[in-house]
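Source file start14.txt; content: compact mmCIF, C-alpha atoms.
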```txt
# COMPACT_ATOMS: atom_id res chain seq x y z
CA MET J 7 1.59 23.97 -6.47
CA ALA J 8 4.08 22.23 -4.14
CA GLY J 9 5.98 20.87 -7.15
CA LEU J 10 6.36 24.32 -8.68
CA GLU J 11 7.43 25.81 -5.34
CA ALA J 12 10.00 23.02 -4.85
CA SER J 13 11.42 23.54 -8.34
CA GLU J 14 11.95 27.23 -7.68
CA ARG J 15 13.21 26.85 -4.09
CA PHE J 16 15.84 24.22 -4.86
CA ASP J 17 16.46 25.17 -8.52
CA ILE J 18 15.92 21.61 -9.74
CA SER J 19 14.79 19.91 -12.94
CA ALA J 20 11.62 17.88 -13.44
CA ALA J 21 13.61 14.63 -13.08
CA GLU J 22 15.10 15.81 -9.79
CA LEU J 23 11.63 16.83 -8.63
CA ALA J 24 10.30 13.33 -9.42
CA THR J 25 13.10 11.92 -7.26
CA PHE J 26 11.32 13.29 -4.18
CA THR J 27 8.34 11.03 -4.81
CA MET J 28 10.35 8.02 -5.94
CA LEU J 29 12.67 8.22 -2.93
CA GLN J 30 9.80 8.47 -0.48
CA LEU J 31 8.09 5.46 -2.10
CA LEU J 32 11.30 3.42 -2.14
CA VAL J 33 11.94 4.09 1.55
CA TYR J 34 8.32 3.26 2.35
CA ALA J 35 8.56 -0.10 0.59
CA ALA J 36 11.94 -0.98 2.12
CA MET J 37 10.69 -0.24 5.64
CA GLN J 38 7.65 -2.52 5.58
CA ILE J 39 9.18 -5.70 7.01
CA PRO J 40 11.23 -3.89 9.73
CA VAL J 41 8.11 -1.95 10.72
CA GLY J 42 6.04 -5.12 10.90
CA LEU J 43 8.60 -6.67 13.25
CA LEU J 44 8.62 -3.54 15.40
CA VAL J 45 4.82 -3.55 15.68
CA ASP J 46 4.80 -7.23 16.68
CA ARG J 47 7.41 -6.44 19.35
CA PHE J 48 6.39 -3.04 20.74
CA GLY J 49 2.72 -2.74 19.81
CA SER J 50 0.83 -0.38 17.49
CA ARG J 51 0.58 2.55 19.89
CA SER J 52 4.32 2.89 20.48
CA VAL J 53 5.29 2.50 16.81
CA LEU J 54 2.49 4.83 15.65
CA LEU J 55 3.67 7.46 18.13
CA ALA J 56 7.24 7.06 16.86
CA GLY J 57 6.02 7.39 13.26
CA THR J 58 4.02 10.57 13.84
CA SER J 59 6.90 12.09 15.81
CA LEU J 60 9.33 11.27 13.01
CA LEU J 61 6.96 12.83 10.47
CA VAL J 62 6.84 16.02 12.55
CA LEU J 63 10.63 16.31 12.59
CA ALA J 64 10.92 15.40 8.90
CA GLN J 65 8.32 17.98 7.84
CA ALA J 66 10.07 20.63 9.92
CA GLY J 67 13.37 19.68 8.27
CA PHE J 68 11.76 19.88 4.84
CA ALA J 69 10.39 23.32 5.71
CA LEU J 70 13.82 24.65 6.71
CA ALA J 71 15.91 22.89 4.02
CA GLU J 72 17.47 25.28 1.56
CA SER J 73 19.43 22.80 -0.58
CA TYR J 74 18.37 19.85 -2.68
CA PRO J 75 20.46 17.25 -0.74
CA LEU J 76 18.98 18.37 2.59
CA ALA J 77 15.48 18.26 1.12
CA LEU J 78 16.09 14.70 -0.13
CA LEU J 79 17.26 13.72 3.35
CA ALA J 80 14.11 15.19 4.85
CA ARG J 81 11.91 13.29 2.35
CA THR J 82 13.75 10.10 3.28
CA PHE J 83 12.61 10.53 6.86
CA VAL J 84 9.11 11.45 5.69
CA GLY J 85 9.01 8.07 3.93
CA MET J 86 10.20 6.35 7.10
CA GLY J 87 7.58 8.09 9.23
CA ASP J 88 4.88 7.28 6.72
CA ALA J 89 5.96 3.63 6.73
CA LEU J 90 5.56 3.48 10.50
CA THR J 91 1.83 4.25 10.39
CA PHE J 92 -0.13 1.99 8.03
CA ILE J 93 0.71 -1.42 9.51
CA CYS J 94 -0.03 -0.03 12.96
CA VAL J 95 -3.54 0.83 11.79
CA LEU J 96 -4.04 -2.68 10.36
CA ARG J 97 -3.00 -4.20 13.68
CA LEU J 98 -5.30 -1.88 15.66
CA VAL J 99 -8.27 -2.76 13.46
CA SER J 100 -7.68 -6.49 13.96
CA ARG J 101 -7.50 -5.99 17.74
CA TRP J 102 -10.54 -3.76 18.16
CA PHE J 103 -13.13 -5.26 15.80
CA PRO J 104 -14.73 -8.70 15.33
CA ASP J 105 -13.20 -10.83 12.57
CA ARG J 106 -16.18 -10.47 10.25
CA ARG J 107 -16.07 -6.66 10.40
CA VAL J 108 -12.29 -6.33 9.98
CA PRO J 109 -12.31 -6.33 6.12
CA PHE J 110 -14.93 -3.57 5.97
CA ILE J 111 -13.23 -1.41 8.63
CA THR J 112 -9.86 -1.90 6.93
CA GLN J 113 -11.23 -0.73 3.59
CA LEU J 114 -13.06 2.16 5.26
CA THR J 115 -9.80 3.21 6.91
CA GLY J 116 -8.04 3.20 3.54
CA THR J 117 -10.86 5.21 1.99
CA LEU J 118 -10.70 7.82 4.76
CA GLY J 119 -6.94 8.00 4.25
CA GLN J 120 -7.44 8.72 0.54
CA LEU J 121 -10.06 11.33 1.36
CA GLY J 122 -7.70 12.94 3.85
CA ALA J 123 -4.88 13.04 1.31
CA VAL J 124 -7.12 14.74 -1.26
CA GLY J 125 -8.61 17.10 1.32
CA ALA J 126 -5.17 18.11 2.61
CA ALA J 127 -4.09 19.26 -0.85
CA VAL J 128 -6.50 22.21 -0.82
CA PRO J 129 -5.37 23.87 2.45
CA MET J 130 -1.73 23.07 1.66
CA THR J 131 -2.00 24.81 -1.73
CA TRP J 132 -3.63 27.79 -0.02
CA ALA J 133 -0.94 27.87 2.69
CA LEU J 134 1.89 27.77 0.14
CA GLY J 135 0.38 30.66 -1.78
CA ARG J 136 -0.43 32.73 1.32
CA TRP J 137 2.42 31.94 3.74
CA GLY J 138 5.24 30.62 1.57
CA TRP J 139 7.24 27.41 1.73
CA THR J 140 8.75 27.51 5.21
CA THR J 141 5.67 28.62 7.13
CA ALA J 142 3.35 26.25 5.27
CA TYR J 143 5.45 23.16 5.99
CA LEU J 144 6.10 24.24 9.58
CA ALA J 145 2.33 24.50 9.99
CA ALA J 146 2.05 20.92 8.67
CA ALA J 147 4.65 19.87 11.27
CA VAL J 148 2.63 21.55 14.03
CA LEU J 149 -0.50 19.70 12.90
CA GLY J 150 1.52 16.47 13.02
CA ALA J 151 2.53 17.28 16.59
CA VAL J 152 -1.14 17.64 17.52
CA LEU J 153 -1.84 14.23 15.96
CA ALA J 154 1.07 12.71 17.88
CA LEU J 155 -0.42 14.07 21.10
CA ALA J 156 -3.79 12.55 20.16
CA VAL J 157 -2.12 9.16 19.59
CA LEU J 158 -0.46 9.43 23.01
CA VAL J 159 -3.74 10.21 24.77
CA VAL J 160 -6.36 8.28 22.82
CA VAL J 161 -4.87 5.17 21.19
CA HIS J 162 -4.81 1.83 23.01
CA ASP J 163 -3.29 -1.31 21.51
CA SER J 164 -6.41 -3.31 22.36
CA PRO J 165 -9.53 -3.16 24.53
CA ASP J 166 -7.53 -5.11 27.13
CA GLY J 167 -4.65 -2.67 27.57
CA ARG J 168 -3.05 0.60 26.53
CA THR J 169 0.21 -1.04 25.48
CA LEU J 170 0.85 -4.64 24.44
CA ARG J 171 4.35 -6.05 24.03
CA GLY J 172 5.48 -9.07 22.06
CA PRO J 173 8.49 -11.32 22.70
CA GLN J 174 11.94 -9.78 22.50
CA LEU J 175 13.56 -9.64 19.08
CA SER J 176 16.75 -11.50 18.23
CA LEU J 177 18.22 -12.46 14.90
CA ALA J 178 17.07 -16.04 15.43
CA SER J 179 13.53 -15.02 16.38
CA ILE J 180 13.30 -12.57 13.47
CA ARG J 181 14.37 -15.25 11.01
CA ALA J 182 11.92 -17.71 12.53
CA SER J 183 9.01 -15.24 12.48
CA LEU J 184 9.57 -14.14 8.89
CA ALA J 185 10.16 -17.72 7.73
CA ALA J 186 6.95 -18.89 9.41
CA SER J 187 4.94 -16.04 7.89
CA TRP J 188 6.37 -16.50 4.40
CA SER J 189 6.05 -20.28 4.48
CA HIS J 190 2.28 -20.12 4.82
CA PRO J 191 0.69 -20.15 1.36
CA GLY J 192 -1.95 -17.69 2.60
CA THR J 193 0.73 -15.05 3.17
CA ARG J 194 2.17 -15.69 -0.29
CA LEU J 195 -1.29 -15.52 -1.82
CA GLY J 196 -1.84 -12.16 -0.11
CA PHE J 197 1.58 -11.00 -1.35
CA TRP J 198 0.78 -11.76 -4.99
CA MET J 199 -2.71 -10.28 -4.69
CA HIS J 200 -1.17 -7.02 -3.50
CA PHE J 201 1.51 -7.24 -6.20
CA THR J 202 -0.93 -7.73 -9.07
CA THR J 203 -3.73 -5.28 -8.23
CA GLN J 204 -1.97 -2.08 -7.20
CA PHE J 205 0.75 -1.19 -9.70
CA SER J 206 -1.41 0.06 -12.58
CA ALA J 207 -3.22 2.72 -10.55
CA THR J 208 -0.06 3.67 -8.65
CA ALA J 209 1.99 4.21 -11.82
CA LEU J 210 -0.77 6.36 -13.31
CA SER J 211 -1.34 8.50 -10.24
CA LEU J 212 2.30 8.69 -9.18
CA LEU J 213 4.03 9.77 -12.37
CA TRP J 214 2.87 8.55 -15.79
CA GLY J 215 -0.90 9.12 -15.87
CA TYR J 216 -0.78 12.78 -16.84
CA PRO J 217 1.82 12.47 -19.64
CA PHE J 218 0.11 9.34 -20.96
CA LEU J 219 -3.26 11.05 -21.19
CA VAL J 220 -1.88 14.29 -22.67
CA ARG J 221 0.78 12.99 -25.06
CA GLY J 222 -0.31 9.41 -25.53
CA GLU J 223 -4.05 10.04 -25.85
CA GLY J 224 -4.15 13.68 -26.97
CA ARG J 225 -6.23 14.94 -24.05
CA SER J 226 -6.04 18.50 -22.76
CA PRO J 227 -4.35 19.16 -19.41
CA ASN J 228 -7.75 19.87 -17.83
CA GLU J 229 -9.21 16.63 -19.15
CA ALA J 230 -6.18 14.68 -17.91
CA GLY J 231 -6.49 16.22 -14.46
CA LEU J 232 -10.19 15.41 -14.30
CA LEU J 233 -9.61 11.81 -15.38
CA LEU J 234 -6.97 11.27 -12.71
CA SER J 235 -9.32 12.79 -10.13
CA LEU J 236 -11.93 10.20 -11.10
CA MET J 237 -9.46 7.53 -10.05
CA ILE J 238 -9.65 8.84 -6.47
CA VAL J 239 -13.44 8.69 -6.70
CA ALA J 240 -13.20 5.03 -7.76
CA VAL J 241 -10.94 4.26 -4.79
CA MET J 242 -13.26 5.88 -2.27
CA ALA J 243 -16.42 4.35 -3.74
CA SER J 244 -15.15 0.79 -4.21
CA GLY J 245 -13.22 0.33 -0.95
CA PRO J 246 -16.18 -0.08 1.44
CA VAL J 247 -18.03 -2.22 -1.11
CA LEU J 248 -15.09 -4.64 -1.42
CA GLY J 249 -14.73 -4.71 2.37
CA TRP J 250 -18.38 -5.66 2.74
CA LEU J 251 -18.12 -8.34 0.05
CA ILE J 252 -15.09 -10.13 1.48
CA GLY J 253 -16.60 -9.92 4.96
CA ARG J 254 -19.67 -11.72 3.64
CA HIS J 255 -17.81 -14.10 1.31
CA PRO J 256 -14.30 -14.74 2.71
CA TRP J 257 -13.90 -17.95 0.70
CA HIS J 258 -14.07 -16.00 -2.58
CA ARG J 259 -11.36 -13.41 -1.92
CA SER J 260 -8.95 -14.71 -4.54
CA SER J 261 -11.75 -15.10 -7.10
CA LEU J 262 -12.75 -11.47 -6.55
CA VAL J 263 -9.16 -10.31 -7.02
CA ILE J 264 -8.72 -12.37 -10.20
CA GLY J 265 -11.93 -10.88 -11.62
CA ILE J 266 -10.78 -7.33 -10.85
CA VAL J 267 -7.34 -7.91 -12.40
CA TRP J 268 -8.84 -9.34 -15.58
CA SER J 269 -11.16 -6.33 -15.77
CA ILE J 270 -8.15 -3.99 -15.54
CA VAL J 271 -6.34 -6.01 -18.21
CA ALA J 272 -9.37 -5.93 -20.51
CA VAL J 273 -9.84 -2.15 -20.33
CA TRP J 274 -6.12 -1.46 -20.80
CA THR J 275 -6.11 -3.78 -23.82
CA ALA J 276 -9.03 -1.90 -25.37
CA VAL J 277 -7.27 1.44 -24.85
CA LEU J 278 -3.91 0.27 -26.22
CA LEU J 279 -5.43 -1.46 -29.26
CA TRP J 280 -7.82 1.37 -30.13
CA PRO J 281 -6.89 2.84 -33.52
CA GLY J 282 -5.77 6.36 -32.66
CA PRO J 283 -6.65 8.13 -29.40
CA ALA J 284 -9.16 6.26 -27.27
CA PRO J 285 -12.57 7.92 -26.84
CA LEU J 286 -13.23 9.78 -23.61
CA TRP J 287 -15.75 7.22 -22.35
CA LEU J 288 -13.14 4.47 -22.62
CA LEU J 289 -10.54 6.52 -20.75
CA VAL J 290 -13.11 7.18 -18.02
CA GLY J 291 -13.62 3.42 -17.80
CA LEU J 292 -9.86 2.92 -17.62
CA VAL J 293 -9.24 5.23 -14.66
CA LEU J 294 -12.31 3.94 -12.80
CA VAL J 295 -11.43 0.26 -13.23
CA ALA J 296 -7.72 0.81 -12.56
CA GLY J 297 -8.65 2.79 -9.45
CA VAL J 298 -10.49 -0.23 -8.02
CA GLY J 299 -7.12 -2.00 -8.00
CA GLY J 300 -6.03 0.09 -5.01
CA PRO J 301 -8.75 -1.15 -2.62
CA ALA J 302 -8.46 -4.64 -4.18
CA SER J 303 -4.84 -4.77 -3.04
CA MET J 304 -6.09 -4.43 0.56
CA ILE J 305 -7.67 -7.88 0.23
CA GLY J 306 -4.14 -9.28 0.41
CA PHE J 307 -3.85 -8.05 4.00
CA ASP J 308 -6.99 -9.97 4.91
CA LEU J 309 -5.32 -13.15 3.62
CA GLY J 310 -2.32 -12.39 5.81
CA ARG J 311 -4.57 -11.76 8.81
CA THR J 312 -6.42 -15.06 8.53
CA SER J 313 -3.26 -17.06 7.74
CA ASN J 314 -1.07 -15.99 10.67
CA PRO J 315 -1.36 -15.90 14.46
CA VAL J 316 -1.78 -12.47 16.03
CA GLU J 317 1.80 -12.37 17.36
CA ARG J 318 3.20 -12.18 13.82
CA LEU J 319 0.32 -10.43 12.08
CA ALA J 320 2.19 -7.15 11.57
CA SER J 321 5.31 -8.77 10.13
CA ALA J 322 3.13 -10.75 7.69
CA SER J 323 1.38 -7.50 6.71
CA GLY J 324 4.80 -5.91 6.13
CA ILE J 325 5.78 -8.72 3.78
CA ILE J 326 2.54 -8.30 1.83
CA ASN J 327 2.72 -4.50 1.74
CA GLN J 328 6.10 -4.64 0.01
CA ALA J 329 4.61 -6.41 -2.99
CA GLY J 330 2.50 -3.73 -4.62
CA PHE J 331 5.01 -0.94 -4.06
CA THR J 332 7.84 -3.06 -5.46
CA ALA J 333 5.76 -3.82 -8.56
CA SER J 334 4.86 -0.14 -8.87
CA LEU J 335 8.50 0.93 -8.72
CA VAL J 336 9.47 -1.67 -11.33
CA LEU J 337 6.68 -0.48 -13.63
CA VAL J 338 7.45 3.23 -13.20
CA VAL J 339 11.11 2.62 -14.09
CA ALA J 340 10.23 0.24 -16.96
CA ILE J 341 7.85 2.78 -18.53
CA GLY J 342 10.58 5.44 -18.43
CA VAL J 343 13.17 3.13 -19.96
CA ILE J 344 10.85 2.01 -22.77
CA LEU J 345 9.79 5.59 -23.52
CA ASP J 346 13.43 6.61 -23.85
CA TRP J 347 14.12 3.56 -26.03
CA GLN J 348 11.23 4.43 -28.34
CA THR J 349 12.09 8.15 -28.54
CA PRO J 350 15.03 9.29 -30.70
CA GLY J 351 17.96 11.10 -29.09
CA ASP J 352 17.50 12.99 -25.83
CA SER J 353 14.01 14.21 -26.67
CA THR J 354 11.14 13.93 -24.18
CA ALA J 355 8.54 14.41 -26.93
CA TYR J 356 7.10 10.94 -26.40
CA THR J 357 4.72 9.72 -29.09
CA PRO J 358 1.47 7.76 -28.70
CA GLU J 359 3.26 4.73 -30.17
CA ALA J 360 6.00 5.02 -27.55
CA PHE J 361 3.38 5.11 -24.80
CA ARG J 362 1.66 2.02 -26.21
CA TRP J 363 4.95 0.12 -25.99
CA ALA J 364 5.70 1.47 -22.52
CA MET J 365 2.29 0.74 -21.01
CA SER J 366 2.44 -2.79 -22.42
CA ALA J 367 5.10 -3.54 -19.79
CA GLN J 368 2.18 -4.10 -17.43
CA TYR J 369 1.34 -7.40 -19.14
CA VAL J 370 4.55 -8.97 -17.84
CA LEU J 371 3.63 -8.08 -14.26
CA TRP J 372 0.00 -9.13 -14.69
CA GLY J 373 1.07 -12.48 -16.15
CA LEU J 374 3.49 -13.16 -13.30
CA GLY J 375 1.01 -12.07 -10.64
CA LEU J 376 -1.97 -14.01 -11.98
CA ALA J 377 0.10 -17.18 -12.34
CA GLN J 378 1.26 -16.88 -8.72
CA ILE J 379 -2.24 -16.13 -7.42
CA TRP J 380 -3.57 -19.23 -9.13
CA ARG J 381 -0.66 -21.27 -7.79
CA TYR J 382 -0.96 -20.21 -4.15
CA ARG J 383 -4.76 -20.12 -3.94
CA ARG J 384 -4.70 -23.89 -4.54
CA ARG J 385 -1.99 -24.38 -1.92
CA ALA J 386 -3.79 -22.15 0.59
CA ARG J 387 -7.03 -24.07 0.16
CA THR J 388 -5.17 -27.35 0.67
CA VAL J 389 -3.69 -26.08 3.95
CA ILE J 390 -7.08 -24.79 5.15
CA ASP J 391 -8.85 -28.04 4.27
CA ARG J 392 -6.17 -30.03 6.12
CA ALA J 393 -6.49 -27.80 9.20
CA GLU J 394 -10.28 -28.19 9.23
CA LEU J 395 -9.98 -31.98 8.92
CA GLU J 396 -7.54 -32.10 11.85
CA ALA J 397 -9.84 -29.87 13.93
CA ARG J 398 -12.80 -32.19 13.31
CA THR J 399 -10.67 -35.24 14.09
CA PHE J 400 -9.54 -33.97 17.50
CA SER J 401 -12.76 -32.23 18.53
```

Written form, structure tokens:
Amino acid sequence: MAGLEASERFDISAAELATFTMLQLLVYAAMQIPVGLLVDRFGSRSVLLAGTSLLVLAQAGFALAESYPLALLARTFVGMGDALTFICVLRLVSRWFPDRRVPFITQLTGTLGQLGAVGAAVPMTWALGRWGWTTAYLAAAVLGAVLALAVLVVVHDSPDGRTLRGPQLSLASIRASLAASWSHPGTRLGFWMHFTTQFSATALSLLWGYPFLVRGEGRSPNEAGLLLSLMIVAVMASGPVLGWLIGRHPWHRSSLVIGIVWSIVAVWTAVLLWPGPAPLWLLVGLVLVAGVGGPASMIGFDLGRTSNPVERLASASGIINQAGFTASLVLVVAIGVILDWQTPGDSTAYTPEAFRWAMSAQYVLWGLGLAQIWRYRRRARTVIDRAELEARTFS
């Protein structure tokens, strides 16, 4: 509904409409490290309040924009405001809950976020149909203002204080903090976990899932919509389970991720090699298994949490959070390029064969990611074993 309204309001093509989503995702990914540094310096409460306030202003600007350039500018600030929230939540969870419960609470938070995103689509669709573009998005801005007020009143950085501040930032301290975070093999392991698990589900849900299912697999629009909805179900169902598992078995986090990635690879391989359109049951398996990759990517943050001191936890999380979104952007662009390469002329009538070639681009990213996970899990275990030996020696 919002896509159709935007096309009519700004008189734009489908490609220009897709730019809204791509721009917001690009800004979100680019902001992760700066946001992590800001959280380490000013605390979660202050940055979260800034993020919600920025979202309010950006949504109001989007509501009032009457030209495509102004709407793109507003979406840029929406991406910035969105980027200012997630790492704050990770930091708050690590401050307020015992270490063993952090993985479960983190996954539960992500699941609730997914549920909120799905739930918000229904009233927003109703508001657009009943009130029109401007009023609907201004109402969303008002709701954001209420949330900002709640953050101001309710949120504390930790049980010990409303606001916690880190050391002042300078170019030298920023370089030192980022270098220290990145140098730890646990941070790099978390980075490549996030990189390898997320991109398949993101590319499907963000842009290419619907055309792949309709044109690549011959499914009806209703069937394609239902299949993509099942992916959200997989995210919500698997997140708490994975959180519980890694809380109980923290030494097997990388093994769990490797198993999930290989499962995604196996199902995609079956779909792409199936002679003709894949059967419905196999496509159901595809969206369910690919959907688990979203919560699996959250395991990377747990590696960052246990590999870094609390004063640089947010900046390490920012480094890790860039990985999956960077891989997703690369894949989304690669699929488009390959589809155009495999389709004659300027036509957008992509064939099933073109989609098989395009979706095969995932194997390059899976190969790179799995190789790096295997590489850094060995290094991370070496560092942990050395630290435990030193602790026993000096205790």

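Rounded to one decimal, CA of Ile341 in chain J and CA of Ser261 in chain J lie 28.9 Å from each other.
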
task: Would you mind telling me which residue in J:Tyr143, J:Trp214, J:Trp372, J:Tyr34 lies nearest to Leu234 in chain J when using all atoms listed in the file?
output: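 Once distances to Leu234 in chain J are computed over all atoms listed in the file, the minimum belongs to J:Trp214.
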
message: Could you tell me how far CA of Gln38 in chain J sits from CA of Gly265 in chain J, in Å to one decimal place?
response: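 CA of Gly265 in chain J sits 27.4 Å away from CA of Gln38 in chain J.
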
statement: Among J:Gly245, J:Pro285, J:Gly306, J:Pro191, Gly324 in chain J is approached most closely, using all atoms listed in the file, by J:Gly306

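With only C-alpha atoms as the atoms that count, the residue of J:Leu309, J:Ala35, J:Leu175, J:Met237 with the shortest distance to Arg383 in chain J is J:Leu309.
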
message: Let me make sure I understand: among J:Gly375, J:Gly119, J:Pro281, J:Gly222, which one has the smallest atom-to-atom distance to Phe361 in chain J if we use all atoms listed in the file?
response: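 With all atoms listed in the file as the atom set, the closest residue is J:Gly222.
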
- request: Excluding Ile252 in chain J and residues on its chain fewer than 3 positions from it, collect all residues at most 10 Å away from it, counting all atoms listed in the file, and give them as number ranges by chain.
  value: J: 106-110, 247-249, 255-260, 262, 305, 308

message: Between CA of Ala302 in chain J and CA of Val271 in chain J, what distance in Å does the model show, to one decimal?
response: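 So the answer is 14.3 Å.
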
- prompt: Looking at J:Thr275, J:Gly373, J:Arg311, J:Ala56, which one is nearest to Leu155 in chain J, with distances taken over all atoms listed in the file?
  reply: J:Ala56

- request: For the point (0.5, 24.3, 7.1) in the file's frame, write as a ChimeraX atom specification all residues with an atom no more than 12 Å away, counting all atoms listed in the file.
  value: /J:8,62,65-66,69,126-151

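Compared by their closest atoms to Ala80 in chain J, and using only C-alpha atoms, the residues J:Pro350, J:Gly67, J:Pro104, J:Gly116 rank with J:Gly67 nearest.
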
Who sits within 9 Å of range 46-52 of chain J, all atoms listed in the file, same chain under 6 positions skipped, as JSON, numbers by chain: {"J": [91, 93, 94, 95, 96, 97, 98, 157, 158, 161, 162, 163, 168, 169, 170, 171, 172, 173, 174, 175, 316, 317, 318, 319, 320, 321]}

For range 72-90 of chain J, what centre and edge lengths in Å (one decimal) does the axis-aligned box get once 5 Å is added on each side of all its listed atoms, as AutoDock Vina command-line options?
```
--center_x 12.7 --center_y 14.4 --center_z 3.9 --size_x 25.6 --size_y 31.8 --size_z 23.2
```
